[in-house]
>>> print(open('upload.txt').read())   # compact mmCIF, C-alpha atoms
# COMPACT_ATOMS: atom_id res chain seq x y z
CA MET A 1 -68.08 100.97 146.29
CA LYS A 2 -68.01 101.48 142.50
CA PHE A 3 -70.90 99.91 140.60
CA ALA A 4 -68.58 97.67 138.54
CA ALA A 5 -67.03 96.32 141.72
CA LEU A 6 -70.46 95.62 143.17
CA PHE A 7 -71.45 93.77 139.99
CA PHE A 8 -68.30 91.63 140.14
CA LEU A 9 -68.87 90.86 143.80
CA LEU A 10 -72.47 89.79 143.21
CA ALA A 11 -71.52 87.58 140.27
CA SER A 12 -68.77 85.93 142.31
CA THR A 13 -71.01 85.37 145.32
CA LEU A 14 -73.81 83.84 143.28
CA ASN A 15 -71.39 81.22 141.92
CA LEU A 16 -70.54 79.89 145.39
CA HIS A 17 -73.41 77.42 145.53
CA SER A 18 -71.07 74.66 146.68
CA GLN A 19 -70.53 76.54 149.95
CA ILE A 20 -74.21 76.64 150.89
CA GLN A 21 -74.72 74.56 154.02
CA ARG A 22 -77.75 72.59 155.07
CA LEU A 23 -79.49 74.51 157.82
CA SER A 24 -79.87 72.62 161.08
CA LEU A 25 -81.14 74.84 163.88
CA ALA A 26 -81.20 73.85 167.53
CA LEU A 27 -83.75 75.31 169.90
CA PRO A 28 -82.15 77.86 172.25
CA THR A 29 -83.42 76.26 175.49
CA ASP A 30 -84.87 72.97 176.70
CA ASN A 31 -88.37 74.25 175.93
CA ARG A 32 -89.50 72.21 172.90
CA ALA A 33 -93.21 73.02 173.05
CA LEU A 34 -93.09 75.01 169.78
CA LEU A 35 -92.23 71.86 167.80
CA GLU A 36 -94.79 69.82 169.75
CA GLY A 37 -97.71 72.00 168.69
CA LYS A 38 -98.12 73.62 172.10
CA PRO A 39 -97.31 77.32 171.61
CA GLU A 40 -99.07 78.26 174.86
CA ASP A 41 -96.32 76.35 176.71
CA PHE A 42 -93.52 77.87 174.65
CA TYR A 43 -94.17 81.62 174.68
CA MET A 44 -93.99 83.79 177.78
CA PHE A 45 -97.16 85.79 178.33
CA ILE A 46 -97.35 89.56 178.44
CA ASP A 47 -99.45 91.69 180.75
CA ARG A 48 -102.16 93.47 178.80
CA THR A 49 -105.24 95.51 179.71
CA VAL A 50 -108.06 95.65 177.19
CA ASP A 51 -111.28 97.55 177.95
CA GLY A 52 -110.23 97.76 181.59
CA GLN A 53 -109.67 94.02 181.94
CA ALA A 54 -106.20 92.70 182.80
CA THR A 55 -105.12 89.70 180.73
CA THR A 56 -101.96 87.62 180.28
CA PRO A 57 -102.03 86.32 176.70
CA TRP A 58 -99.23 84.01 175.61
CA GLU A 59 -99.78 85.24 172.05
CA GLY A 60 -97.92 88.43 172.97
CA GLY A 61 -94.67 86.46 173.20
CA GLN A 62 -94.80 85.49 169.54
CA PHE A 63 -93.01 87.11 166.61
CA GLY A 64 -95.07 89.72 164.77
CA PHE A 65 -97.65 92.43 165.37
CA VAL A 66 -98.95 90.95 168.61
CA ARG A 67 -98.93 93.82 171.09
CA ASP A 68 -100.77 97.04 171.96
CA PRO A 69 -104.24 96.31 170.54
CA LYS A 70 -106.18 99.33 169.27
CA ARG A 71 -109.92 99.31 168.69
CA LEU A 72 -110.75 101.21 165.50
CA THR A 73 -113.95 103.06 164.73
CA THR A 74 -114.70 100.33 162.20
CA GLY A 75 -114.89 97.83 165.06
CA GLU A 76 -111.66 96.12 163.95
CA THR A 77 -108.80 95.45 166.34
CA LEU A 78 -105.32 96.39 165.18
CA TYR A 79 -102.20 95.22 167.01
CA SER A 80 -99.97 98.24 166.64
CA ARG A 81 -96.67 97.17 168.24
CA PHE A 82 -94.32 94.73 166.58
CA HIS A 83 -92.39 92.10 168.55
CA GLU A 84 -89.20 91.15 166.72
CA GLY A 85 -88.32 87.91 168.47
CA LEU A 86 -89.55 84.91 170.42
CA ASP A 87 -90.08 85.23 174.18
CA ILE A 88 -89.39 81.70 175.42
CA LYS A 89 -90.59 80.79 178.90
CA PRO A 90 -88.41 78.76 181.28
CA VAL A 91 -89.08 75.11 182.00
CA SER A 92 -87.05 75.00 185.23
CA ARG A 93 -87.01 77.27 188.30
CA ASP A 94 -85.55 76.96 191.78
CA GLU A 95 -87.52 77.12 195.04
CA LYS A 96 -87.40 80.94 194.92
CA GLY A 97 -88.77 81.05 191.40
CA GLU A 98 -85.47 81.96 189.78
CA PRO A 99 -85.16 80.48 186.26
CA LEU A 100 -82.45 77.88 185.76
CA ASP A 101 -82.64 77.24 182.00
CA GLU A 102 -79.45 77.37 179.96
CA VAL A 103 -79.60 79.51 176.82
CA ARG A 104 -77.69 77.99 173.90
CA SER A 105 -76.59 78.98 170.42
CA ILE A 106 -79.05 77.91 167.73
CA ALA A 107 -76.24 77.12 165.27
CA ARG A 108 -72.50 77.19 164.67
CA GLY A 109 -71.08 80.69 164.63
CA GLU A 110 -69.01 83.30 166.43
CA ILE A 111 -69.91 85.66 169.26
CA VAL A 112 -69.58 89.16 167.80
CA HIS A 113 -71.22 91.28 170.49
CA SER A 114 -71.60 90.86 174.24
CA VAL A 115 -73.34 93.21 176.67
CA PRO A 116 -72.84 92.01 180.27
CA GLN A 117 -74.26 95.28 181.65
CA THR A 118 -77.99 95.80 182.04
CA GLY A 119 -78.34 99.48 181.17
CA LYS A 120 -77.07 99.74 177.60
CA SER A 121 -80.37 98.75 175.94
CA ASN A 122 -83.82 97.40 176.74
CA TYR A 123 -82.41 93.94 175.89
CA GLY A 124 -80.66 93.89 179.28
CA ARG A 125 -77.73 91.46 179.18
CA TYR A 126 -77.48 90.07 175.67
CA LEU A 127 -75.26 88.37 173.11
CA VAL A 128 -75.15 88.40 169.32
CA VAL A 129 -73.81 85.42 167.36
CA LYS A 130 -72.88 85.64 163.68
CA HIS A 131 -73.73 82.67 161.44
CA ASP A 132 -72.70 82.02 157.84
CA TRP A 133 -74.56 79.29 155.97
CA GLY A 134 -73.04 80.11 152.58
CA TYR A 135 -75.41 82.92 151.54
CA GLY A 136 -74.44 85.85 153.72
CA PRO A 137 -74.27 86.56 157.45
CA PHE A 138 -77.23 86.07 159.78
CA TYR A 139 -77.19 87.18 163.39
CA SER A 140 -78.93 85.49 166.31
CA LEU A 141 -79.55 87.55 169.42
CA TYR A 142 -80.20 86.28 172.96
CA ALA A 143 -81.57 88.84 175.42
CA HIS A 144 -82.67 89.30 179.06
CA LEU A 145 -79.98 86.93 180.31
CA ARG A 146 -79.27 86.54 184.03
CA GLU A 147 -75.64 85.84 183.24
CA ILE A 148 -73.50 85.62 180.12
CA ARG A 149 -71.03 82.85 179.36
CA GLY A 150 -68.72 83.63 176.51
CA VAL A 151 -66.88 86.62 175.09
CA VAL A 152 -66.54 88.28 171.72
CA GLY A 153 -64.48 86.11 169.40
CA ASP A 154 -65.58 82.78 170.89
CA LYS A 155 -66.48 80.17 168.29
CA VAL A 156 -69.65 78.28 169.17
CA GLU A 157 -71.53 75.24 167.96
CA ALA A 158 -75.25 74.54 167.95
CA GLY A 159 -76.02 73.90 171.59
CA THR A 160 -73.08 75.81 173.07
CA VAL A 161 -74.20 77.44 176.33
CA LEU A 162 -74.25 81.23 176.03
CA GLY A 163 -75.81 82.11 179.36
CA ILE A 164 -78.65 81.58 181.81
CA LEU A 165 -82.21 82.70 181.16
CA GLY A 166 -83.24 85.70 183.25
CA TYR A 167 -85.22 88.90 183.39
CA SER A 168 -82.70 91.69 182.83
CA GLY A 169 -83.89 94.55 180.67
CA THR A 170 -86.80 96.93 180.52
CA GLY A 171 -90.19 96.05 182.02
CA ILE A 172 -89.53 92.40 182.97
CA ASP A 173 -89.88 90.80 186.40
CA ARG A 174 -89.08 87.33 187.75
CA ARG A 175 -92.65 86.24 187.09
CA ARG A 176 -92.14 86.92 183.36
CA ALA A 177 -88.55 85.65 183.17
CA HIS A 178 -87.75 84.55 179.61
CA THR A 179 -85.17 84.71 176.91
CA HIS A 180 -85.90 86.86 173.89
CA VAL A 181 -84.34 85.29 170.78
CA GLU A 182 -84.06 86.81 167.30
CA LEU A 183 -82.59 85.86 163.93
CA ASN A 184 -81.65 88.93 161.92
CA LEU A 185 -80.21 90.46 158.79
CA LEU A 186 -77.68 93.28 159.23
CA LEU A 187 -78.93 96.36 157.40
CA SER A 188 -75.69 98.34 157.00
CA PRO A 189 -72.01 97.93 157.87
CA ARG A 190 -71.91 101.76 158.12
CA PHE A 191 -74.71 101.98 160.66
CA GLU A 192 -72.71 104.15 163.04
CA ALA A 193 -72.35 106.91 160.42
CA TRP A 194 -76.10 106.74 159.71
CA HIS A 195 -76.90 106.85 163.43
CA ASP A 196 -74.66 109.88 163.95
CA ALA A 197 -76.42 111.66 161.07
CA MET A 198 -79.98 110.74 162.14
CA HIS A 199 -79.97 110.56 165.95
CA ARG A 200 -78.73 112.67 168.82
CA SER A 201 -78.80 109.87 171.38
CA PRO A 202 -75.54 107.90 171.83
CA ASN A 203 -75.15 104.56 170.10
CA LEU A 204 -73.81 102.20 172.76
CA ASN A 205 -73.81 98.99 170.70
CA GLY A 206 -72.09 99.83 167.40
CA VAL A 207 -73.37 98.02 164.31
CA TYR A 208 -75.19 95.55 166.58
CA ASN A 209 -77.64 98.19 167.71
CA GLY A 210 -81.18 96.77 167.47
CA LEU A 211 -82.04 99.40 164.83
CA ASN A 212 -79.50 97.78 162.48
CA LEU A 213 -80.70 94.21 163.05
CA VAL A 214 -84.03 93.45 161.37
CA GLY A 215 -85.70 90.23 162.42
CA MET A 216 -87.10 87.40 160.38
CA ASP A 217 -89.77 84.95 161.54
CA LEU A 218 -87.59 82.50 163.47
CA SER A 219 -90.57 80.46 164.69
CA GLY A 220 -91.71 80.14 161.08
CA LEU A 221 -88.25 78.93 160.14
CA TYR A 222 -88.26 76.24 162.85
CA LEU A 223 -91.67 75.00 161.70
CA ALA A 224 -90.67 75.13 158.02
CA LEU A 225 -87.55 73.08 158.74
CA GLN A 226 -89.68 70.54 160.58
CA LYS A 227 -91.68 70.03 157.37
CA ASN A 228 -88.82 70.47 154.88
CA PRO A 229 -85.25 70.14 156.19
CA SER A 230 -83.85 71.69 152.99
CA THR A 231 -85.40 75.09 153.77
CA SER A 232 -82.87 77.93 153.96
CA ALA A 233 -82.99 81.18 155.90
CA ALA A 234 -82.67 83.07 152.61
CA GLN A 235 -85.75 81.31 151.24
CA LEU A 236 -87.78 82.29 154.27
CA VAL A 237 -86.80 85.94 153.79
CA THR A 238 -87.64 86.09 150.08
CA GLN A 239 -90.93 84.25 150.61
CA THR A 240 -92.07 86.68 153.32
CA GLU A 241 -95.20 88.59 152.31
CA PRO A 242 -94.35 92.03 150.83
CA PHE A 243 -96.16 95.05 152.23
CA PHE A 244 -94.56 98.21 150.81
CA ARG A 245 -91.93 99.28 148.28
CA ILE A 246 -89.59 102.27 148.25
CA ALA A 247 -87.46 103.56 145.34
CA VAL A 248 -84.05 105.04 146.15
CA PRO A 249 -81.49 106.73 143.85
CA GLY A 250 -79.71 104.39 141.44
CA SER A 251 -76.40 105.86 142.57
CA ALA A 252 -76.87 104.44 146.06
CA PRO A 253 -74.09 102.04 147.11
CA MET A 254 -76.56 99.24 147.99
CA GLU A 255 -74.01 97.64 150.30
CA ILE A 256 -76.67 95.29 151.61
CA LEU A 257 -76.35 93.38 148.32
CA GLN A 258 -72.75 92.58 149.17
CA ASN A 259 -74.01 90.47 152.07
CA TYR A 260 -77.30 89.27 150.56
CA PRO A 261 -77.03 89.17 146.75
CA TRP A 262 -80.03 86.80 146.56
CA LEU A 263 -82.29 89.75 147.42
CA CYS A 264 -81.84 90.84 143.79
CA HIS A 265 -83.67 88.35 141.55
CA SER A 266 -83.14 90.03 138.16
CA ALA A 267 -80.04 90.47 136.03
CA LEU A 268 -77.99 93.44 137.12
CA PRO A 269 -77.68 96.31 134.63
CA GLU A 270 -74.25 97.14 133.23
CA GLN A 271 -74.60 100.72 134.48
CA PRO A 272 -76.23 102.13 137.61
CA PRO A 273 -80.01 101.98 137.15
CA ALA A 274 -82.33 104.96 137.34
CA SER A 275 -83.29 103.74 140.80
CA TRP A 276 -83.33 100.75 143.08
CA GLU A 277 -86.67 99.47 144.37
CA ILE A 278 -86.59 97.90 147.82
CA THR A 279 -89.58 95.78 148.78
CA PHE A 280 -90.23 95.35 152.50
CA SER A 281 -92.31 93.17 154.75
CA ALA A 282 -94.75 95.02 157.00
CA TRP A 283 -92.10 95.32 159.75
CA GLY A 284 -89.27 96.53 157.49
CA LEU A 285 -87.47 93.32 156.49
CA PRO A 286 -86.11 93.76 152.94
CA VAL A 287 -87.45 90.85 150.89
CA SER A 288 -86.45 91.97 147.39
CA ILE A 289 -84.22 94.59 145.75
CA GLN A 290 -84.57 95.24 142.02
CA PRO A 291 -83.34 97.85 139.51
CA GLY A 292 -86.05 100.46 138.87
CA ALA A 293 -86.94 102.41 135.74
CA ASP A 294 -88.06 105.66 137.39
CA ARG A 295 -85.31 108.12 138.26
CA VAL A 296 -85.53 109.46 141.82
CA SER A 297 -83.29 111.74 143.87
CA ILE A 298 -84.76 110.90 147.29
CA PRO A 299 -86.61 107.87 148.71
CA VAL A 300 -90.08 107.60 147.16
CA LEU A 301 -92.96 105.31 148.14
CA LYS A 302 -93.90 103.22 145.09
CA TRP A 303 -96.47 100.78 146.46
CA VAL A 304 -98.21 99.66 149.63
CA LYS A 305 -100.56 96.75 150.15
CA PRO A 306 -104.11 98.20 150.22
CA SER A 307 -105.69 98.23 153.66
CA THR A 308 -108.65 99.79 155.43
CA MET A 309 -106.57 100.35 158.57
CA PRO A 310 -103.99 103.12 159.16
CA TYR A 311 -100.69 102.22 157.52
CA TYR A 312 -98.59 103.75 160.28
CA PHE A 313 -99.50 101.03 162.76
CA GLN A 314 -98.98 98.26 160.20
CA THR A 315 -95.50 99.32 159.06
CA ARG A 316 -93.80 100.34 162.31
CA GLY A 317 -94.23 103.94 161.25
CA CYS A 318 -92.59 103.65 157.82
CA VAL A 319 -95.77 104.48 155.90
CA ALA A 320 -98.39 107.01 157.02
CA GLY A 321 -101.86 107.77 155.70
CA SER A 322 -104.64 105.33 154.99
CA GLY A 323 -106.73 103.92 152.16
CA ASP A 324 -105.66 105.22 148.76
CA LYS A 325 -103.52 108.00 150.27
CA PRO A 326 -100.39 106.35 151.66
CA VAL A 327 -97.41 108.60 152.41
CA LEU A 328 -93.77 107.72 153.04
CA SER A 329 -92.96 108.89 156.56
CA SER A 330 -89.66 110.35 157.72
CA GLU A 331 -89.02 107.03 159.50
CA GLY A 332 -89.54 105.14 156.25
CA ALA A 333 -87.24 107.44 154.32
CA SER A 334 -84.60 107.12 157.04
CA ILE A 335 -84.68 103.31 156.96
CA ALA A 336 -84.51 103.34 153.14
CA ARG A 337 -81.38 105.51 153.35
CA LEU A 338 -79.82 103.16 155.88
CA ILE A 339 -80.41 100.08 153.72
CA SER A 340 -79.35 101.75 150.45
CA GLY A 341 -76.25 103.34 151.99
CA ASP A 342 -77.29 106.73 150.59
CA PHE A 343 -77.16 108.79 153.77
CA LYS A 344 -74.40 111.28 153.10
>>> encode(input="upload.txt", output="C-alpha cells")
Amino acid sequence: MKFAALFFLLASTLNLHSQIQRLSLALPTDNRALLEGKPEDFYMFIDRTVDGQATTPWEGGQFGFVRDPKRLTTGETLYSRFHEGLDIKPVSRDEKGEPLDEVRSIARGEIVHSVPQTGKSNYGRYLVVKHDWGYGPFYSLYAHLREIRGVVGDKVEAGTVLGILGYSGTGIDRRRAHTHVELNLLLSPRFEAWHDAMHRSPNLNGVYNGLNLVGMDLSGLYLALQKNPSTSAAQLVTQTEPFFRIAVPGSAPMEILQNYPWLCHSALPEQPPASWEITFSAWGLPVSIQPGADRVSIPVLKWVKPSTMPYYFQTRGCVAGSGDKPVLSSEGASIARLISGDFK
C-alpha cells in the first residue's frame, strides 16, 4: 500500500469514534472463580518437576511467563516458557471423569476458523472468532475442545455455545482437561507469504496460525472491566509494559496500522519516515508504533528493558545476550519483518 493511502486510511479510521462499542465480555465457561478472587479454582494445573520433586501448580495455567522454571547461578528463578492464554478447568464431569462444560463465545462476532481435526496443531480441536468493537479486529481462540459446534461464517453472540471442553491437543490427558482461551491481535494479513519465506514446514491454518495471533492478557482485561466497565481492549494493549523496541525500514508497508491505527500515538509524517519503531511487550505484543529518526535498512534493536537475567528467556527468543549487551536474534528480526510487512 502506498504511504499516502495508508495516511488517508489512518485518518479516516481515527475519526470513527462513534462506532466504538462498550466492551462487555462473557466468561467462556461456567467457571467464574477468576472474578470471585479464587484463581486456584479457575486455572487448570500443570505437571512440573523442580529439583526432582513433582508438583501441580495452578499458576502454570495463567497467562504469562509461568512455565519451565530455570534456576540461575545468581540464585534467581526464571520462568522461561510463555503461556499465551488461560487454561480454564472444568466445573462439571460425568461419572467417568469426562468434562461436560460448554465452551461459549466471549463476545459477539463471527467464526473465521474451525479445526475439527486433532492433528493440525498442538491446539487440538479449536475455533477462532473475530470480534470488532470499533477499533480493529480482535480474535478469540478456544482450544482443546472435545467437540466443535459451529462452522466458519456463523455469527455468534456472547454466550453462544462453540463446543464442549475437552483434552484434544498435545500433552493433555483427561485429568488435565481444560479449555485454552486467548484474545489476540492479528499480526499480518500476508502471513502465508511470510511463512513460506521463513519456514519449510507446511502452514495448515492459514492466517490463523498461532504464530500470526499474538495474545493479550485476557485475565487482566476481565479484572480491569470488573473495576472499570469502560475499559477497552485497545487500552489494555497500549498500557501493557514495554520490554524491547525494534526499528524497521521506513519504507515498510506497516499493514498492521490498517487494523490498529491506535498503536501509533504521534502525528504521521507526510512522507515515509526514516524508520518505524515498534515497541513490544516481553512476549512480542506490539504496544506502540512510532515514526523513527534513524534510517535503517534491516530490523535493528533500539532498546531493551535492563535486566540481570538472560534476555532470550524473557522475550521468547526475540532478544539474545544479557546485561548491557543485548542482541536482536534472528527470531526477533523475523517477527519484526512479519509485523512491518517488509519480508520480500
>>> residues_around(input="upload.txt", residues="segment 302-308 of chain A", least_positions_apart="4", cutoff="8 Å", atoms="all atoms listed in the file", output="list in words")
Pro242, Phe243, Phe244, Arg245, Ile246, Ala247, Ser322, Gly323, Asp324 and Pro326 of chain A
>>> atom_distance(input="upload.txt", atom1="atom CA of Gly60 of chain A", atom2="atom CA of Lys38 of chain A")
14.8 Å
>>> residues_around(input="upload.txt", residues="segment 265-281 of chain A", least_positions_apart="6", cutoff="7 Å", atoms="all atoms listed in the file", output="VMD selection string")
chain A and resid 3 240 to 251 287 to 296
>>> residues_near_point(input="upload.txt", point="(-85.5, 75.8, 168.2)", cutoff="7 Å", atoms="all atoms listed in the file", output="MDAnalysis selection string")
chainID A and resid 25:28 106 222
>>> closest_residue(input="upload.txt", among="A:Asp51, A:Asp41, A:Glu76, A:Glu110", to="Lys89 of chain A", atoms="all atoms listed in the file")
A:Asp41
>>> closest_residue(input="upload.txt", among="A:Val128, A:Leu100, A:Leu223, A:Ala234", to="Pro39 of chain A", atoms="all atoms listed in the file")
A:Leu223
